[in-house]
Amino acid sequence: MGITSFLEGEDALIDAATRAQVESPRLRRLLEEVGTAGRDALDRFWRDLAAAGAPLVEPIPDAPEERLVTVVWCEDRPVAGVYLLANRVTDKHHARRGMMRRLPGTDLWYVSLRLPLGLRCSYRIHPFDSHDPHLGADGPRTGSARGLPDDRMDPLNRHATGPFGSMIELDATPSLAEWRTAPDPVPDTRTDAFGFRAADGATYRVRRFVPAVDAPGAELGLLVVLDGEQWFDRYGITRAVTAAVKAGRMPPMAVVGIESGADPAERMRQLGANPRFVDMLVDELVPAVTAELPSWAGPPATILCGQSLGGLAALATALWRPEAFGTVLAHSASTWWRPGMTGRPQETEPDRDTWLYEQAGVAPVGDVTIRMDVGSNEGSMSADLRKLHALMTARGFDASLNVYSGGHDHCCWAAALIDGLAETAAVRWPS
């Protein structure tokens, strides 16, 4: 397995000092095994890891609230280095933490990270050559983790075939059970896509899922998700909602997804707290969709959900049009955004209130439940949303803030989405 010969030349001299540089107890033991059994020991390690699932997770004796997480990769071509891109753990200014090292005398590359219990994050592996324009010894050369070459999931990761790809998941993470469940087909459900032409002439591409309603008099809730093409096509939101309904976490619910498209500038125009988009959503699209539902439980059972720029748009909707939705779920809302902004996100200025904070200070307090979720690894965004939440609760908004252990990551948002729907069903929906 792999292409590097081992126990040749200097690589054969694996002394105690070399072993001490390897933080993982399992990899230190592997070094000893390779020293006595050679290739057989390494092959046995890969077989065991394939059966158990990567990454390696080991306790840290002096830090019971942390784990040592070791991601490994088997070299399948000559490389200058390997970079582990773990969401908000080894990207941005933490990129150097993601540079993997070759275990002496083997074809195994690894990096070990001390991570807190409860953390969830997705990750990708990037082998690179010495002349690669994107990656060097210290990580991404451009400061961006986008468009890196030879982008790979971890084939040994126990979640690699799921909708979120390779993930690190430590004890006490919120459940993703519904996203991993393939429910039995339900007859009479309807899933379609259509173009919705707004009064101003703009056309929006919309996805729609309408479940069957079996019980007499049962009424459907409605979930409206922004970036709908992602949630419908890539992550399987209709499957997850169906599983949650079957598990009794919520009543039956229709789902509508509004596409934002692949063009970042267009997405910015649509979701960058655009009043015209908000009014179209409230005054045109939701009435048109609900008019075609077999039954509808009304605004209290109507939820708007968005992430990142979509989270910004969701919060703007809650502040500007609080009568339209019973609940707004805003995940990692883009607090850095201000009107007129067209560039990439930046850290917010330390002594300046965010635009969202300014809006919340003057908006009328309406009958809408606002649940905000943000990752502990999201830099100034976490602090911005803590400050926003304090203002909202002081003014009398029905607002909550959940700070999860993770980053700007769909696998974190997915768990928050289903938890938010279940919470809404328990509190606001008519019985």
# chains A, B, ... in the order shown; residues from 1 in each chain; ligands from 1
>>> residues_around(residues="A:Ala262", least_positions_apart="5", cutoff="10 Å", atoms="only C-alpha atoms", output="list in words")
Asp227, Glu229 and Arg267 of chain A
>>> residues_around(residues="A:Pro116", least_positions_apart="2", cutoff="10 Å", atoms="only C-alpha atoms", output="VMD selection string")
chain A and resid 63 to 69 113 to 114 118 to 120 170 to 171 405 to 406
>>> write_last_selection(atoms="N, CA, C and O atoms", output="compact mmCIF listing (two decimals), in the first residue's frame")
# COMPACT_ATOMS: atom_id res chain seq x y z
N ALA A 63 -6.05 16.82 30.04
CA ALA A 63 -7.09 17.70 29.51
C ALA A 63 -8.33 16.86 29.19
O ALA A 63 -8.57 16.53 28.02
N PRO A 64 -9.12 16.49 30.21
CA PRO A 64 -10.26 15.61 29.98
C PRO A 64 -11.35 16.20 29.08
O PRO A 64 -12.16 15.45 28.54
N GLU A 65 -11.36 17.52 28.89
CA GLU A 65 -12.36 18.15 28.03
C GLU A 65 -11.88 18.28 26.60
O GLU A 65 -12.55 18.92 25.77
N GLU A 66 -10.74 17.69 26.29
CA GLU A 66 -10.19 17.73 24.93
C GLU A 66 -9.87 16.32 24.46
O GLU A 66 -9.79 15.38 25.27
N ARG A 67 -9.67 16.19 23.16
CA ARG A 67 -9.20 14.94 22.57
C ARG A 67 -8.08 15.27 21.59
O ARG A 67 -8.06 16.35 20.98
N LEU A 68 -7.17 14.31 21.43
CA LEU A 68 -6.15 14.41 20.39
C LEU A 68 -6.69 13.75 19.14
O LEU A 68 -6.93 12.54 19.12
N VAL A 69 -6.90 14.54 18.11
CA VAL A 69 -7.47 14.05 16.85
C VAL A 69 -6.36 14.03 15.81
O VAL A 69 -5.73 15.06 15.55
N LEU A 113 -4.19 17.25 16.28
CA LEU A 113 -4.80 18.50 16.76
C LEU A 113 -5.46 18.25 18.10
O LEU A 113 -6.17 17.26 18.27
N ARG A 114 -5.26 19.15 19.04
CA ARG A 114 -5.99 19.10 20.32
C ARG A 114 -7.29 19.87 20.14
O ARG A 114 -7.26 21.08 19.90
N GLY A 118 -17.34 18.01 21.82
CA GLY A 118 -18.47 18.72 21.25
C GLY A 118 -18.21 19.32 19.89
O GLY A 118 -19.14 19.80 19.23
N LEU A 119 -16.94 19.31 19.44
CA LEU A 119 -16.61 19.92 18.14
C LEU A 119 -17.10 19.06 16.99
O LEU A 119 -16.97 17.84 17.01
N ARG A 120 -17.61 19.72 15.99
CA ARG A 120 -17.89 19.08 14.70
C ARG A 120 -17.33 19.99 13.62
O ARG A 120 -17.53 21.22 13.64
N LEU A 170 -16.63 14.91 17.70
CA LEU A 170 -16.27 14.47 19.04
C LEU A 170 -17.52 14.35 19.91
O LEU A 170 -18.59 14.84 19.55
N ASP A 171 -17.39 13.70 21.05
CA ASP A 171 -18.54 13.44 21.91
C ASP A 171 -19.30 14.73 22.20
O ASP A 171 -18.71 15.80 22.36
N SER A 405 -19.91 24.31 19.13
CA SER A 405 -18.47 24.11 18.96
C SER A 405 -18.22 23.73 17.51
O SER A 405 -18.46 22.60 17.09
N GLY A 406 -17.78 24.68 16.71
CA GLY A 406 -17.57 24.45 15.29
C GLY A 406 -17.39 25.75 14.56
O GLY A 406 -17.06 26.79 15.16
>>> atom_distance(atom1="atom CA of A:Lys92", atom2="atom CA of A:Pro140")
8.7 Å
>>> atom_distance(atom1="atom CA of A:Thr335", atom2="atom CA of A:Gly311")
9.2 Å
>>> select_by_dssp(residues="stretch 161-325 of chain A", states="strand (DSSP E)", output="PyMOL selection string")
chain A and resi 167-169+190-197+203-210+221-226+253-258+302-307
>>> closest_atom_pairs(of="stretch 95-209 of chain A", to="stretch 24-44 of chain A", cutoff="9 Å", atoms="only C-alpha atoms", output="tab-separated table")
residue	atom	partner	partner_atom	distance
A:Leu103	CA	A:Leu31	CA	7.9
A:Pro104	CA	A:Leu31	CA	7.8
A:Gly105	CA	A:Val34	CA	8.1
A:Thr106	CA	A:Leu42	CA	7.8
A:Asp107	CA	A:Leu42	CA	8.9
A:Leu108	CA	A:Leu42	CA	8.7
A:Ser112	CA	A:Ser24	CA	6.9
>>> write_last_selection(atoms="N, CA, C and O atoms", output="JSON list (two decimals), in the first residue's frame")
[["chain", "number", "residue", "atom", "x", "y", "z"],
["A", 103, "LEU", "N", 5.27, 10.39, 8.54],
["A", 103, "LEU", "CA", 5.78, 9.58, 9.63],
["A", 103, "LEU", "C", 7.08, 8.93, 9.16],
["A", 103, "LEU", "O", 7.10, 8.27, 8.12],
["A", 104, "PRO", "N", 8.19, 9.13, 9.87],
["A", 104, "PRO", "CA", 9.50, 8.64, 9.38],
["A", 104, "PRO", "C", 9.46, 7.17, 8.99],
["A", 104, "PRO", "O", 8.91, 6.33, 9.70],
["A", 105, "GLY", "N", 10.03, 6.88, 7.82],
["A", 105, "GLY", "CA", 10.14, 5.51, 7.37],
["A", 105, "GLY", "C", 8.88, 4.92, 6.80],
["A", 105, "GLY", "O", 8.82, 3.70, 6.57],
["A", 106, "THR", "N", 7.84, 5.73, 6.56],
["A", 106, "THR", "CA", 6.57, 5.18, 6.07],
["A", 106, "THR", "C", 6.02, 6.06, 4.96],
["A", 106, "THR", "O", 6.57, 7.12, 4.63],
["A", 107, "ASP", "N", 4.91, 5.61, 4.38],
["A", 107, "ASP", "CA", 4.19, 6.42, 3.39],
["A", 107, "ASP", "C", 2.97, 7.09, 4.02],
["A", 107, "ASP", "O", 2.03, 7.46, 3.33],
["A", 108, "LEU", "N", 2.98, 7.26, 5.32],
["A", 108, "LEU", "CA", 1.86, 7.83, 6.07],
["A", 108, "LEU", "C", 2.15, 9.29, 6.41],
["A", 108, "LEU", "O", 3.19, 9.61, 6.99],
["A", 112, "SER", "N", -1.76, 16.03, 14.05],
["A", 112, "SER", "CA", -2.51, 15.84, 15.29],
["A", 112, "SER", "C", -2.95, 17.19, 15.83],
["A", 112, "SER", "O", -2.17, 18.16, 15.85]]
>>> closest_residue(among="A:Glu423, A:Ala212, A:Ala193, A:His159", to="A:Arg249", atoms="only C-alpha atoms")
A:Glu423
>>> atom_distance(atom1="atom CA of A:Ala291", atom2="atom CA of A:Arg239")
23.8 Å
>>> residues_around(residues="A:Met392", least_positions_apart="3", cutoff="10 Å", atoms="only C-alpha atoms", output="list in words")
Tyr357, Ala360, Gly361, Ala363, Val365, Ile370, Arg386, Lys387, Leu388, His389, Arg395, Gly396, Phe397, Asp398, Ala399 and Ser400 of chain A
>>> residues_around(residues="A:His331", least_positions_apart="6", cutoff="9 Å", atoms="only C-alpha atoms", output="JSON list (two decimals) with C-alpha atoms, in the first residue's frame")
[["chain", "number", "residue", "atom", "x", "y", "z"],
["A", 305, "CYS", "CA", -34.03, 29.71, 7.52],
["A", 306, "GLY", "CA", -30.75, 31.02, 6.11],
["A", 307, "GLN", "CA", -26.99, 30.63, 6.56],
["A", 308, "SER", "CA", -24.18, 33.16, 6.25],
["A", 310, "GLY", "CA", -28.78, 33.88, 4.01],
["A", 311, "GLY", "CA", -28.69, 34.28, 7.81],
["A", 312, "LEU", "CA", -28.30, 38.04, 7.32],
["A", 371, "ARG", "CA", -33.14, 31.72, 16.89],
["A", 372, "MET", "CA", -29.53, 32.53, 16.06],
["A", 373, "ASP", "CA", -26.77, 29.92, 15.85],
["A", 374, "VAL", "CA", -23.07, 30.59, 15.41],
["A", 375, "GLY", "CA", -19.84, 28.63, 15.76],
["A", 408, "HIS", "CA", -18.94, 28.18, 9.25],
["A", 413, "TRP", "CA", -25.93, 24.26, 10.32],
["A", 416, "ALA", "CA", -29.06, 23.48, 14.11],
["A", 417, "LEU", "CA", -31.73, 23.48, 11.41]]
>>> closest_residue(among="A:Asp154, A:Glu58, A:Glu219, A:Asp138", to="A:Gly98", atoms="only C-alpha atoms")
A:Asp138
>>> select_by_dssp(residues="stretch 17-174 of chain A", states="helix (DSSP H, G or I)", output="CSV table (one decimal) with all heavy atoms, in the first residue's frame")
chain,number,residue,atom,x,y,z
A,17,ALA,N,14.1,10.2,20.2
A,17,ALA,CA,13.8,11.7,20.0
A,17,ALA,C,12.8,11.8,18.9
A,17,ALA,O,11.9,12.7,19.0
A,17,ALA,CB,15.1,12.4,19.7
A,18,THR,N,13.0,11.0,17.9
A,18,THR,CA,12.0,11.1,16.7
A,18,THR,C,10.6,10.7,17.2
A,18,THR,O,9.6,11.3,16.8
A,18,THR,CB,12.5,10.2,15.6
A,18,THR,OG1,13.8,10.6,15.2
A,18,THR,CG2,11.5,10.3,14.4
A,19,ARG,N,10.6,9.6,17.9
A,19,ARG,CA,9.3,9.1,18.4
A,19,ARG,C,8.6,10.2,19.3
A,19,ARG,O,7.4,10.3,19.3
A,19,ARG,CB,9.4,7.8,19.2
A,19,ARG,CG,9.8,6.6,18.3
A,19,ARG,CD,9.7,5.3,19.1
A,19,ARG,NE,10.2,4.2,18.2
A,19,ARG,CZ,11.4,3.7,18.3
A,19,ARG,NH1,12.3,4.3,19.1
A,19,ARG,NH2,11.7,2.7,17.5
A,20,ALA,N,9.4,10.9,20.1
A,20,ALA,CA,8.8,11.8,21.0
A,20,ALA,C,8.2,13.0,20.3
A,20,ALA,O,7.3,13.7,20.8
A,20,ALA,CB,9.9,12.4,21.9
A,25,PRO,N,-0.2,8.6,20.6
A,25,PRO,CA,0.3,7.4,21.1
A,25,PRO,C,0.2,6.2,20.1
A,25,PRO,O,1.1,5.4,20.0
A,25,PRO,CB,-0.5,7.1,22.4
A,25,PRO,CG,-1.0,8.4,22.8
A,25,PRO,CD,-1.2,9.2,21.5
A,26,ARG,N,-0.9,6.2,19.4
A,26,ARG,CA,-1.0,5.1,18.4
A,26,ARG,C,0.0,5.2,17.3
A,26,ARG,O,0.6,4.2,16.8
A,26,ARG,CB,-2.4,5.2,17.7
A,26,ARG,CG,-2.7,4.1,16.7
A,26,ARG,CD,-2.6,2.7,17.3
A,26,ARG,NE,-2.7,1.6,16.4
A,26,ARG,CZ,-1.6,1.0,15.8
A,26,ARG,NH1,-0.4,1.4,16.2
A,26,ARG,NH2,-1.8,0.0,15.0
A,27,LEU,N,0.4,6.4,16.8
A,27,LEU,CA,1.4,6.5,15.8
A,27,LEU,C,2.8,6.2,16.4
A,27,LEU,O,3.7,5.7,15.7
A,27,LEU,CB,1.4,7.9,15.2
A,27,LEU,CG,0.1,8.2,14.3
A,27,LEU,CD1,0.3,9.5,13.5
A,27,LEU,CD2,-0.2,7.0,13.3
A,28,ARG,N,3.1,6.6,17.6
A,28,ARG,CA,4.3,6.2,18.2
A,28,ARG,C,4.5,4.7,18.3
A,28,ARG,O,5.5,4.1,18.0
A,28,ARG,CB,4.5,6.8,19.6
A,28,ARG,CG,4.7,8.3,19.7
A,28,ARG,CD,5.3,8.8,21.0
A,28,ARG,NE,4.4,8.4,22.1
A,28,ARG,CZ,3.5,9.3,22.6
A,28,ARG,NH1,3.3,10.4,22.0
A,28,ARG,NH2,2.8,8.9,23.6
A,29,ARG,N,3.4,4.0,18.6
A,29,ARG,CA,3.4,2.6,18.7
A,29,ARG,C,3.6,2.0,17.3
A,29,ARG,O,4.3,1.0,17.1
A,29,ARG,CB,2.1,2.0,19.3
A,29,ARG,CG,2.2,0.5,19.6
A,29,ARG,CD,1.0,0.1,20.5
A,29,ARG,NE,-0.2,0.0,19.7
A,29,ARG,CZ,-1.3,0.8,19.9
A,29,ARG,NH1,-1.2,1.8,20.8
A,29,ARG,NH2,-2.4,0.6,19.2
A,30,LEU,N,3.0,2.6,16.3
A,30,LEU,CA,3.2,2.2,14.9
A,30,LEU,C,4.7,2.3,14.5
A,30,LEU,O,5.2,1.4,13.8
A,30,LEU,CB,2.3,3.0,13.9
A,30,LEU,CG,2.5,2.7,12.5
A,30,LEU,CD1,2.1,1.3,12.1
A,30,LEU,CD2,1.6,3.7,11.6
A,31,LEU,N,5.3,3.4,14.9
A,31,LEU,CA,6.8,3.5,14.6
A,31,LEU,C,7.6,2.3,15.1
A,31,LEU,O,8.4,1.7,14.4
A,31,LEU,CB,7.3,4.8,15.2
A,31,LEU,CG,7.2,6.1,14.3
A,31,LEU,CD1,7.7,7.3,15.1
A,31,LEU,CD2,7.9,5.9,13.0
A,32,GLU,N,7.2,1.9,16.3
A,32,GLU,CA,7.9,0.8,16.9
A,32,GLU,C,7.6,-0.5,16.2
A,32,GLU,O,8.5,-1.4,15.9
A,32,GLU,CB,7.5,0.6,18.4
A,32,GLU,CG,8.0,1.8,19.3
A,32,GLU,CD,7.4,1.7,20.7
A,32,GLU,OE1,6.7,0.7,21.0
A,32,GLU,OE2,7.7,2.5,21.5
A,33,GLU,N,6.3,-0.7,15.8
A,33,GLU,CA,5.9,-1.9,15.1
A,33,GLU,C,6.6,-2.0,13.7
A,33,GLU,O,7.0,-3.0,13.2
A,33,GLU,CB,4.4,-1.9,14.9
A,33,GLU,CG,3.7,-2.1,16.3
A,33,GLU,CD,2.2,-1.8,16.2
A,33,GLU,OE1,1.8,-1.3,15.1
A,33,GLU,OE2,1.5,-2.1,17.2
A,34,VAL,N,6.7,-0.8,13.0
A,34,VAL,CA,7.3,-0.8,11.7
A,34,VAL,C,8.8,-1.1,11.8
A,34,VAL,O,9.4,-1.8,11.0
A,34,VAL,CB,7.2,0.6,11.0
A,34,VAL,CG1,8.1,0.8,9.9
A,34,VAL,CG2,5.7,0.8,10.6
A,35,GLY,N,9.4,-0.7,12.9
A,35,GLY,CA,10.8,-1.0,13.2
A,35,GLY,C,11.1,-2.5,13.3
A,35,GLY,O,12.2,-3.0,13.0
A,36,THR,N,10.1,-3.3,13.7
A,36,THR,CA,10.3,-4.7,13.9
A,36,THR,C,9.6,-5.6,12.8
A,36,THR,O,10.2,-6.6,12.4
A,36,THR,CB,9.8,-5.2,15.3
A,36,THR,OG1,8.4,-4.8,15.4
A,36,THR,CG2,10.5,-4.5,16.4
A,37,ALA,N,8.4,-5.1,12.4
A,37,ALA,CA,7.7,-5.9,11.4
A,37,ALA,C,7.7,-5.3,10.0
A,37,ALA,O,7.1,-6.0,9.1
A,37,ALA,CB,6.3,-6.1,11.9
A,39,ARG,N,6.8,-3.6,6.6
A,39,ARG,CA,5.6,-3.3,5.8
A,39,ARG,C,4.3,-3.9,6.4
A,39,ARG,O,3.2,-3.4,6.3
A,39,ARG,CB,5.8,-3.8,4.4
A,39,ARG,CG,4.7,-3.7,3.4
A,39,ARG,CD,4.6,-2.2,2.8
A,39,ARG,NE,3.5,-1.5,3.3
A,39,ARG,CZ,3.3,-0.2,3.0
A,39,ARG,NH1,4.2,0.4,2.2
A,39,ARG,NH2,2.3,0.5,3.4
A,40,ASP,N,4.5,-5.1,6.9
A,40,ASP,CA,3.3,-5.8,7.5
A,40,ASP,C,2.6,-5.0,8.6
A,40,ASP,O,1.4,-5.0,8.7
A,40,ASP,CB,3.7,-7.2,8.0
A,40,ASP,CG,4.1,-8.2,7.0
A,40,ASP,OD1,3.7,-7.9,5.8
A,40,ASP,OD2,4.7,-9.2,7.3
A,41,ALA,N,3.4,-4.3,9.4
A,41,ALA,CA,2.8,-3.5,10.5
A,41,ALA,C,2.0,-2.4,9.9
A,41,ALA,O,1.0,-2.0,10.4
A,41,ALA,CB,4.0,-3.0,11.4
A,42,LEU,N,2.6,-1.7,8.9
A,42,LEU,CA,1.9,-0.6,8.3
A,42,LEU,C,0.6,-1.1,7.6
A,42,LEU,O,-0.5,-0.4,7.7
A,42,LEU,CB,2.8,0.1,7.3
A,42,LEU,CG,2.3,1.5,6.8
A,42,LEU,CD1,2.2,2.4,8.0
A,42,LEU,CD2,3.3,2.1,5.8
A,43,ASP,N,0.7,-2.2,6.9
A,43,ASP,CA,-0.5,-2.7,6.2
A,43,ASP,C,-1.6,-3.0,7.2
A,43,ASP,O,-2.8,-2.8,7.0
A,43,ASP,CB,-0.2,-3.9,5.4
A,43,ASP,CG,0.6,-3.6,4.1
A,43,ASP,OD1,0.6,-2.4,3.8
A,43,ASP,OD2,1.2,-4.5,3.6
A,44,ARG,N,-1.2,-3.6,8.4
A,44,ARG,CA,-2.1,-3.9,9.4
A,44,ARG,C,-2.8,-2.7,10.0
A,44,ARG,O,-4.0,-2.6,10.3
A,44,ARG,CB,-1.4,-4.7,10.5
A,44,ARG,CG,-2.4,-5.2,11.6
A,44,ARG,CD,-1.7,-6.3,12.5
A,44,ARG,NE,-0.4,-5.8,13.1
A,44,ARG,CZ,0.8,-6.2,12.7
A,44,ARG,NH1,0.9,-7.1,11.8
A,44,ARG,NH2,1.8,-5.7,13.3
A,45,PHE,N,-2.0,-1.6,10.2
A,45,PHE,CA,-2.5,-0.3,10.7
A,45,PHE,C,-3.6,0.2,9.8
A,45,PHE,O,-4.7,0.6,10.2
A,45,PHE,CB,-1.4,0.7,10.8
A,45,PHE,CG,-1.9,2.1,11.1
A,45,PHE,CD1,-2.1,2.5,12.4
A,45,PHE,CD2,-2.1,3.0,10.0
A,45,PHE,CE1,-2.6,3.8,12.6
A,45,PHE,CE2,-2.5,4.3,10.3
A,45,PHE,CZ,-2.8,4.7,11.6
A,46,TRP,N,-3.4,0.2,8.4
A,46,TRP,CA,-4.4,0.7,7.5
A,46,TRP,C,-5.6,-0.1,7.5
A,46,TRP,O,-6.7,0.4,7.4
A,46,TRP,CB,-3.8,0.8,6.1
A,46,TRP,CG,-2.7,1.8,5.9
A,46,TRP,CD1,-1.4,1.7,5.5
A,46,TRP,CD2,-2.9,3.3,6.0
A,46,TRP,NE1,-0.8,2.9,5.4
A,46,TRP,CE2,-1.7,3.9,5.7
A,46,TRP,CE3,-4.0,4.1,6.4
A,46,TRP,CZ2,-1.5,5.3,5.8
A,46,TRP,CZ3,-3.8,5.4,6.5
A,46,TRP,CH2,-2.6,6.0,6.2
A,47,ARG,N,-5.5,-1.5,7.6
A,47,ARG,CA,-6.7,-2.3,7.7
A,47,ARG,C,-7.5,-2.0,8.9
A,47,ARG,O,-8.7,-1.9,8.9
A,47,ARG,CB,-6.3,-3.8,7.7
A,47,ARG,CG,-5.8,-4.3,6.3
A,47,ARG,CD,-5.7,-5.8,6.3
A,47,ARG,NE,-4.9,-6.4,7.3
A,47,ARG,CZ,-3.6,-6.7,7.1
A,47,ARG,NH1,-3.0,-6.4,5.9
A,47,ARG,NH2,-2.8,-7.2,8.1
A,48,ASP,N,-6.8,-1.9,10.1
A,48,ASP,CA,-7.5,-1.6,11.3
A,48,ASP,C,-8.2,-0.3,11.3
A,48,ASP,O,-9.3,-0.1,11.7
A,48,ASP,CB,-6.5,-1.6,12.5
A,48,ASP,CG,-6.0,-3.0,12.8
A,48,ASP,OD1,-6.5,-4.0,12.3
A,48,ASP,OD2,-5.0,-3.1,13.5
A,49,LEU,N,-7.5,0.7,10.7
A,49,LEU,CA,-8.2,2.1,10.6
A,49,LEU,C,-9.4,2.1,9.7
A,49,LEU,O,-10.4,2.7,9.9
A,49,LEU,CB,-7.1,3.1,10.1
A,49,LEU,CG,-7.6,4.6,10.2
A,49,LEU,CD1,-7.9,4.9,11.6
A,49,LEU,CD2,-6.5,5.5,9.7
A,50,ALA,N,-9.3,1.3,8.6
A,50,ALA,CA,-10.4,1.2,7.6
A,50,ALA,C,-11.6,0.6,8.3
A,50,ALA,O,-12.8,1.0,8.1
A,50,ALA,CB,-10.0,0.4,6.4
A,51,ALA,N,-11.4,-0.4,9.2
A,51,ALA,CA,-12.5,-1.0,9.9
A,51,ALA,C,-13.0,-0.1,11.0
A,51,ALA,O,-14.3,0.0,11.2
A,51,ALA,CB,-12.0,-2.3,10.6
A,52,ALA,N,-12.2,0.7,11.7
A,52,ALA,CA,-12.6,1.5,12.8
A,52,ALA,C,-13.1,2.9,12.3
A,52,ALA,O,-14.1,3.4,12.9
A,52,ALA,CB,-11.5,1.7,13.8
A,92,LYS,N,-7.7,29.8,7.2
A,92,LYS,CA,-7.5,31.2,7.5
A,92,LYS,C,-6.1,31.4,8.2
A,92,LYS,O,-5.1,30.8,7.8
A,92,LYS,CB,-8.7,31.8,8.2
A,92,LYS,CG,-10.0,31.8,7.4
A,92,LYS,CD,-11.1,32.5,8.1
A,92,LYS,CE,-12.4,32.5,7.2
A,92,LYS,NZ,-12.2,33.4,6.1
A,93,HIS,N,-6.1,32.1,9.3
A,93,HIS,CA,-4.9,32.4,10.0
A,93,HIS,C,-4.4,31.2,10.8
A,93,HIS,O,-3.3,31.2,11.4
A,93,HIS,CB,-5.0,33.6,10.9
A,93,HIS,CG,-6.1,33.5,12.0
A,93,HIS,ND1,-7.4,33.7,11.6
A,93,HIS,CD2,-6.0,33.3,13.3
A,93,HIS,CE1,-8.1,33.6,12.7
A,93,HIS,NE2,-7.3,33.3,13.7
A,94,HIS,N,-5.1,30.1,10.8
A,94,HIS,CA,-4.7,28.8,11.5
A,94,HIS,C,-4.1,27.8,10.5
A,94,HIS,O,-3.9,26.7,10.8
A,94,HIS,CB,-5.9,28.2,12.2
A,94,HIS,CG,-6.4,29.0,13.4
A,94,HIS,ND1,-5.6,29.4,14.4
A,94,HIS,CD2,-7.6,29.5,13.6
A,94,HIS,CE1,-6.4,30.1,15.3
A,94,HIS,NE2,-7.6,30.2,14.8
A,95,ALA,N,-3.9,28.3,9.2
A,95,ALA,CA,-3.5,27.3,8.2
A,95,ALA,C,-2.3,26.5,8.5
A,95,ALA,O,-2.2,25.3,8.2
A,95,ALA,CB,-3.3,28.1,6.9
A,96,ARG,N,-1.3,27.1,9.2
A,96,ARG,CA,-0.1,26.4,9.5
A,96,ARG,C,-0.3,25.1,10.4
A,96,ARG,O,0.4,24.1,10.3
A,96,ARG,CB,0.9,27.3,10.2
A,96,ARG,CG,2.3,26.7,10.3
A,96,ARG,CD,3.3,27.7,11.0
A,96,ARG,NE,4.6,27.1,11.1
A,96,ARG,CZ,5.5,27.1,10.1
A,96,ARG,NH1,5.2,27.7,8.9
A,96,ARG,NH2,6.7,26.6,10.3
A,97,ARG,N,-1.4,25.2,11.2
A,97,ARG,CA,-1.7,24.0,12.0
A,97,ARG,C,-2.1,22.8,11.1
A,97,ARG,O,-2.1,21.7,11.6
A,97,ARG,CB,-2.9,24.3,12.9
A,97,ARG,CG,-2.7,25.4,13.9
A,97,ARG,CD,-4.0,25.6,14.7
A,97,ARG,NE,-4.3,24.4,15.5
A,97,ARG,CZ,-5.5,24.3,16.2
A,97,ARG,NH1,-6.4,25.2,16.0
A,97,ARG,NH2,-5.7,23.2,16.9
A,98,GLY,N,-2.5,23.0,9.9
A,98,GLY,CA,-3.0,22.0,9.0
A,98,GLY,C,-1.9,21.3,8.2
A,98,GLY,O,-2.2,20.4,7.4
>>> closest_residue(among="A:Cys74, A:Phe232, A:Met280, A:Ser376", to="A:Gly201", atoms="only C-alpha atoms")
A:Met280
>>> residues_around(residues="stretch 353-355 of chain A", least_positions_apart="6", cutoff="12 Å", atoms="only C-alpha atoms", output="PyMOL selection string")
chain A and resi 272-273+312+315-316+333-341+347+361-362+380-381+383-388+391
>>> closest_residue(among="A:Tyr123, A:Leu304, A:Arg180, A:Gly139", to="A:Met99", atoms="only C-alpha atoms")
A:Gly139
>>> residues_around(residues="A:Thr189", least_positions_apart="6", cutoff="8 Å", atoms="only C-alpha atoms", output="VMD selection string")
chain A and resid 209 to 212
>>> closest_residue(among="A:Gly236, A:Gly162, A:Val286, A:Arg207", to="A:Val255", atoms="only C-alpha atoms")
A:Arg207
>>> decode(residues="stretch 368-377 of chain A", atoms="N, CA and C atoms", output="short mmCIF file (atom, residue, chain, number, x, y, z; two decimals), in the first residue's frame")
data_model
loop_
_atom_site.label_atom_id
_atom_site.label_comp_id
_atom_site.auth_asym_id
_atom_site.auth_seq_id
_atom_site.Cartn_x
_atom_site.Cartn_y
_atom_site.Cartn_z
N VAL A 368 -42.40 37.40 16.42
CA VAL A 368 -41.61 36.43 15.67
C VAL A 368 -40.52 35.89 16.60
N THR A 369 -40.34 34.58 16.59
CA THR A 369 -39.27 33.96 17.37
C THR A 369 -38.01 33.94 16.52
N ILE A 370 -36.92 34.44 17.07
CA ILE A 370 -35.65 34.51 16.36
C ILE A 370 -34.65 33.61 17.06
N ARG A 371 -34.19 32.59 16.35
CA ARG A 371 -33.14 31.72 16.89
C ARG A 371 -31.89 31.92 16.05
N MET A 372 -30.82 32.34 16.72
CA MET A 372 -29.53 32.53 16.06
C MET A 372 -28.57 31.44 16.51
N ASP A 373 -27.80 30.91 15.57
CA ASP A 373 -26.77 29.92 15.85
C ASP A 373 -25.47 30.39 15.22
N VAL A 374 -24.37 30.19 15.94
CA VAL A 374 -23.07 30.59 15.41
C VAL A 374 -22.01 29.67 16.02
N GLY A 375 -20.91 29.49 15.30
CA GLY A 375 -19.84 28.63 15.76
C GLY A 375 -18.87 29.34 16.68
N SER A 376 -18.34 28.61 17.64
CA SER A 376 -17.35 29.18 18.55
C SER A 376 -16.06 29.55 17.83
N ASN A 377 -15.83 28.99 16.64
CA ASN A 377 -14.60 29.24 15.89
C ASN A 377 -14.77 30.29 14.80
#
